[in-house]
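Notes follow the structure.
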Amino acid sequence: MGVAGRGCPRAAPALLLPLLLTAAVPPDRGRAAGPPEDIDECGNELNGGCVHDCLNIPGNYRCICFDGFMLAHDGHNCLDVDECLESNGGCQHTCVNAMGSYECRCKEGFLLSDNQHTCIHRSEEGLSCMNKDHGCSHICKEAPKGSVACECRPGFELAKNQRDCILTCNHGNGGCQHSCEDTAEGPECSCHPQYKMHLDGRSCLEREDIALEVTESNATSVADGDKRVKRRLLMETCAVNNGGCDRTCKDTSTGVHCSCPVGFTLQMDGKTCKDIDECQTRNGGCDHFCRNTVGSFDCSCKKGFKLLTDEKSCQDVDECSLDRTCDHSCINHLGTFTCACNEGYTLYGFTHCGDTNECSVNNGGCQQVCVNTVGSYECQCHSGYKLHWNKKDCVEVKGGLPTSLSPHVSLQCGKSGGGDRCFLRCHSGIHLSPGLQEAYSVTCGSSSPLRNKQQKSNDSAFGDVATIRTSVTFKLNEGKCSLKKAELFPEGLRPVLPEKHSSVKESFRYANLTCSSGKQVPGGPGRPSTPKEMFITVEFELETNQKEVTASCDLGCTVKRTEKRLRKAIRTLRKAAHREQLHLQLSGMNLEVAKKSPQTSERQIESCAMGQDHGGNRCVSCRAGTYFDGAQERCILCPNGTFPNEEGQIICEPCPRPGSPGTLKTPEAWNVSECGGLCQPGEYSADGFTPCQPCARGTFQSEAGRTSCFPCGGGLPTKHPGATSFQDCETRVQCSPGHFYNTTTHRCIRCPAGTYQPEFGKNHCVSCPGNTTTDFDGSTNITQCKNRRCGGELGDFTGYIESPNYPGNYPANTECTWTINPPPKRRILIVVPEIFLPIEDDCGDYLVMRKTASSNSVTTYETCQTYERPIAFTSRSKRLWIQFKSNEGNSARGFQVPYVTYDEDYQELIEDIVRDGRLYASENHQEILKDKKLIKALFDVLAHPQNYFKYTAQESREMFPRSFIRLLRSKVSRFLRPYK
């Protein structure tokens with residue numbers, strides 16, 4: 001897209017074409033078909049009486065004013081508009097009005113930035129441009145080798161001394177109310193013939209002698225004419241001083257008739273127009289707020305709502321429909337929203353989710369070892385103990401093998417029907433994870449604590465125990481994953497292989513079976529798509545210990561023998577899998593692992609994954625209190641005496657003591673706490689069931705079904721037996737939030753950095769979620785946990801940067817750096833919707849944008865203050881280096897700043913738009929720059945103009961309010977037709 005040569009119209013940005021269907025093309029001034037011929041009232045030397053521009057229209061004409069002026073009540077004169085009355089003209093500090101324009105000024109210690117609206121903190125040290133003595137009248141630009149170069153704002157010319165700026169008629173009409181002419185000494189003002197110059201040399205006053213001459217001339221003509229002409233001239237008094245009307249004057253048979261435009265009402269004198277305060281009547285029709293203006297009014301909305309294109313109605317902003325609102329779940333409310341996190345995660349920074357370190361709170365409730373995992377945690381026991389059914393206590397193993405060798409999984413294979421048939425039986429620790437389509441993963445037992453740390457090693461020895469791991473993957477063609485009930489044997493026979501027929505019999509600590517279908521290939525006409533291939537992976541883990549060692553075979557020898565036995569088992573397993581004779585036994589029910597795709601047509605209903613049921617037209621996980629019955633292929637209630645581990649399960653585990661007191665309270669129990677007879681908080685027993693004993697003095701227990709109580713520590717007693725929390729322990733002092741009680745020193749200690757404590761009287765601090773930390777010790781709330789990672793997405797065409805932890809407060813002593821390098825022949829447009837920085841005299845926290853990291857390079861933007869009014873500006877350099885720094889003081893919410901790169905052919909137009917104070921003066925316009933959906937659409941088209949055509953005409957009209965479109969039309973029209 002290039003700019004056309006002189007005298008030719010330029011190419012319009014595609015974004016703005018629909019806005020200019022009528023504005024960009026001048027009115028048709030061709031000869032009307034047939035008489036009478038239109039008279040061009042603008043063609044005389046008085047310019048139709050208009051002091052600025054006169055626009056001829058068929059049968060009439062109207063006067064229009066330059067930017068910065070408004071039409072007077074007489075319809076001909078132009079009066080200055082005081083832009084500073086509207087939201088301070090968009091200036092950050094001080095707005096100063098001038099004839100036809102205005103300018104922003106900064107307080108002492110600041111200088112005006114290149115966007116002419118915001119203020120940059122000025123350091124007394126360093127570069128000359130950051131020092132008040134740089135000498136530039138308008139814009140100071142850093143030049144190489146420490147020198148400076150001065151620039152002027154649009155409408156000014158640089159003086160011969162290369163420092164001062166000379167005003168021209170292109171800026172605010174040169175400060176002239178009527179006519180302006182550029183001379184060597186600057187703009188020279190003059191007035192319309194019917195006006196005279198004021199003493200200020202700029203304003204124009206109506207000449208009384210002109211009005212008197214017109215009256216006398218009319219009287220002479222009346223005396224000389226006939227009666228018909230006399231009557232006509234007497235009635236055509238609208239030609240004299242607009243008939244005395246404030247606004248519109250019309251000649252009628254009974255004299256002049258004055259009328260007022262919309263927004264004004266005619267007063268009792270029949271001449272004067274008075275502004276109507278529309279907000280006094282039904283709030284102007286506004287849903288929320290109404291603000292009266294001269295001749296009109298503006299509606300605005302509460303925070304969390306946006307103004308619709310009727311410019312009256314307010315609609316709730318559905319923040320949940322926007323990108324990057326919440327990490328996990330988003331819940332929209334009227335005017336606001338809330339974020340929620342998945343189980344095992346904690347909300348921080350209002351919208352972010354981090355892994356909860358459950359082990360940081362009272363050791364996760366574990367009696368011995370607590371291991372935190374992403375999104376969860378697990379309790380483990382020392383050697384010689386096994387995990388209790390409540391998954392937290394540890395029970396001593398009396399006799400037999402150590403806990404580490406207790407089998408959770410068994411594999412048995414034997415000959416059946418001329419081939420091997422294998423059964424993988426899960427005895428405990430069963431967990432099912434449904435996947436996409438029919439994929440699934442089943443884990444049995446518990447993995448070694450060192451599993452995640454030593455996955456690369458097939459076997460790992462520690463102490464007197466060796467852990468052996470092995471895995472096998474089967475690739476099956478034309479098959480699909482399946483966990484349906486298998487018909488294995490004739491009815492009446494037990495589906496168990498006799499011991500003597502078993503060719504493989506192994507026990508494992510842990511096993512994981514995963515089935516996943518490969519890519520789909522399209523079938524022929526009328527046939528469903530079938531899986532091209534399928535993979536079944538089985539991982540095993542078992543342990544050998546010193547007790548298996550003999551005089552002739554040490555631990556290493558025992559491991560080798562076990563590995564050799566496992567290789568034989570895997571060969572048998574592979575044969576069984578390829579013959580579809582691999583079965584999984586869960587809770588006494590035999591299930592198919594996989595089966596071949598049917599050759600004949602079956603009912604073409606997409607089946608749900610295991611643990612899911614058809615809910616309407618989609619698959620849903622079996623809810624809590626139910627399990628997936630493979631035979632009926634649906635979710636059913638768990639029977640009395642059983643409970644499911646969690647949602648989406650395929651078995652219900654029996655209560656630890658089914659029958660008498662261990663029977664469930666209801667048939668829809670969803671965890672073990674629903675099993676009857678559990679010891680309640682403050683109680684304990686050897687197995688967690690009645691009869692229960694109250695916790696002794698000096699101990700406490702906050703959970704049900706526990707086998708022991710936790711000691712207060714430090715010899716502290718409790719107020720009474722059966723204590724349920726550490727707060728019942730009689731400490732020497734009550735610790736306030738942000739502290740924990742040290743039972744060794746009997747003192748309150750501040751929570752270390754990275755932890756917090758919101759409650760009184762606790763003996764621990766809670767770890768911050770995920771990778772967050774606190775600025776200091778002694779934190780009392782999770783909002784003080786902050787992510788220090790610098791955020792954003794940097795793209796060639798669009799992107800954004802944001803302060804760490806946004807929209808939560810950013811951390812102290814942080815530093816972020818971004819670099820934007822646009823493609824060739826593109827420039828950068830930036831919008832700062834709002835920025836929140838703490839108020840500090842020394843500007844400790846700041847955001848700066850300049851050409852390079854060098855402080856000598858050209859600076860585009862810098863601020864160290866909160867600024868809630870949005871601002872848009874173009875980069876003064878091709879590339880942009882951005883830095884954000886915070887000190888150790890108070891922090892604040894920070895910022896999220898979007899940017900777009902656009903074709904440099906539109907540089908003049910874009911700068912004209914973003915430097916116009918009217919873009920920021922209206923609250924409605926401000927909301928546009930804060931609306932993430934509108935900005936995304938606007939940037940999408942600015943970056944790639946052809947993208948406009950993916951928006952419908954209706955969407956285009958509904959995106960922006962009319963006032964915003966009117967503002968763009970005038971600028972785009974001038975850009976397209978610079979030569980008249």
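Following the order of the structure tokens, chains are lettered A, B, ..., residues in each are numbered from 1, and ligands are numbered from 1.
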What lies within 9 Å of Asp246 in chain A using only C-alpha atoms, ignoring chain neighbours under 6 positions off, as a VMD selection string?
chain A and resid 72 to 75 258 to 260 271 to 273
Could you write out that same residue set with N, CA and C atoms as a compact mmCIF listing (two decimals), in the first residue's frame?
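What landed in result_3.txt:
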# COMPACT_ATOMS: atom_id res chain seq x y z
N ALA A 72 -21.39 29.36 16.03
CA ALA A 72 -22.12 30.22 16.95
C ALA A 72 -23.62 30.11 16.69
N HIS A 73 -24.41 30.72 17.58
CA HIS A 73 -25.86 30.65 17.46
C HIS A 73 -26.37 31.28 16.17
N ASP A 74 -25.61 32.26 15.64
CA ASP A 74 -26.08 32.91 14.41
C ASP A 74 -25.86 32.05 13.18
N GLY A 75 -25.21 30.91 13.34
CA GLY A 75 -25.00 30.00 12.23
C GLY A 75 -23.90 30.41 11.28
N CYS A 258 -38.21 31.77 14.52
CA CYS A 258 -36.96 31.23 15.07
C CYS A 258 -37.19 29.81 15.59
N SER A 259 -36.20 29.00 15.43
CA SER A 259 -36.25 27.64 15.96
C SER A 259 -34.88 27.25 16.46
N CYS A 260 -34.86 26.19 17.26
CA CYS A 260 -33.61 25.74 17.88
C CYS A 260 -33.31 24.31 17.45
N LYS A 271 -36.76 34.15 20.56
CA LYS A 271 -35.50 34.35 19.83
C LYS A 271 -34.36 33.50 20.39
N THR A 272 -34.29 33.41 21.71
CA THR A 272 -33.13 32.81 22.38
C THR A 272 -33.31 31.31 22.55
N CYS A 273 -32.21 30.57 22.40
CA CYS A 273 -32.20 29.13 22.61
C CYS A 273 -31.46 28.81 23.90
So which residues touch Lys386 in chain A within 7 Å, counting only C-alpha atoms, skipping near sequence neighbours fewer than 2 positions away, as a ChimeraX atom specification?
/A:381,384,388,394-397,403
Hey, could you make a per-residue contact list for range 679-726 of chain A against range 738-758 of chain A with 8 Å as the cut-off, showing the nearest pair of atoms and its distance in Å to one decimal, counting only C-alpha atoms, sorted by chain and number, as CSV?
residue,atom,partner,partner_atom,distance
A:Cys712,CA,A:Thr743,CA,7.8
A:Gly713,CA,A:Thr743,CA,5.7
A:Gly714,CA,A:Thr743,CA,4.8
A:Leu716,CA,A:Thr743,CA,7.9
Residues from the last selection, all heavy atoms, saved as a CSV table (one decimal), in the first residue's frame:
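Everything below was put into selection.csv:
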chain,number,residue,atom,x,y,z
A,712,CYS,N,1.1,-31.6,70.7
A,712,CYS,CA,1.2,-30.2,70.7
A,712,CYS,C,2.7,-29.8,70.5
A,712,CYS,O,3.0,-28.8,69.8
A,712,CYS,CB,0.6,-29.5,71.9
A,712,CYS,SG,-1.2,-29.6,72.0
A,713,GLY,N,3.6,-30.6,71.2
A,713,GLY,CA,5.0,-30.3,71.1
A,713,GLY,C,5.4,-29.4,72.2
A,713,GLY,O,4.6,-28.6,72.7
A,714,GLY,N,6.7,-29.5,72.6
A,714,GLY,CA,7.2,-28.6,73.6
A,714,GLY,C,6.6,-28.7,75.0
A,714,GLY,O,6.7,-27.8,75.8
A,716,LEU,N,3.5,-28.8,75.7
A,716,LEU,CA,2.3,-28.0,75.9
A,716,LEU,C,1.1,-28.9,76.2
A,716,LEU,O,0.9,-29.8,75.5
A,716,LEU,CB,2.1,-27.1,74.6
A,716,LEU,CG,3.1,-26.1,74.3
A,716,LEU,CD1,2.8,-25.5,72.9
A,716,LEU,CD2,3.2,-25.0,75.3
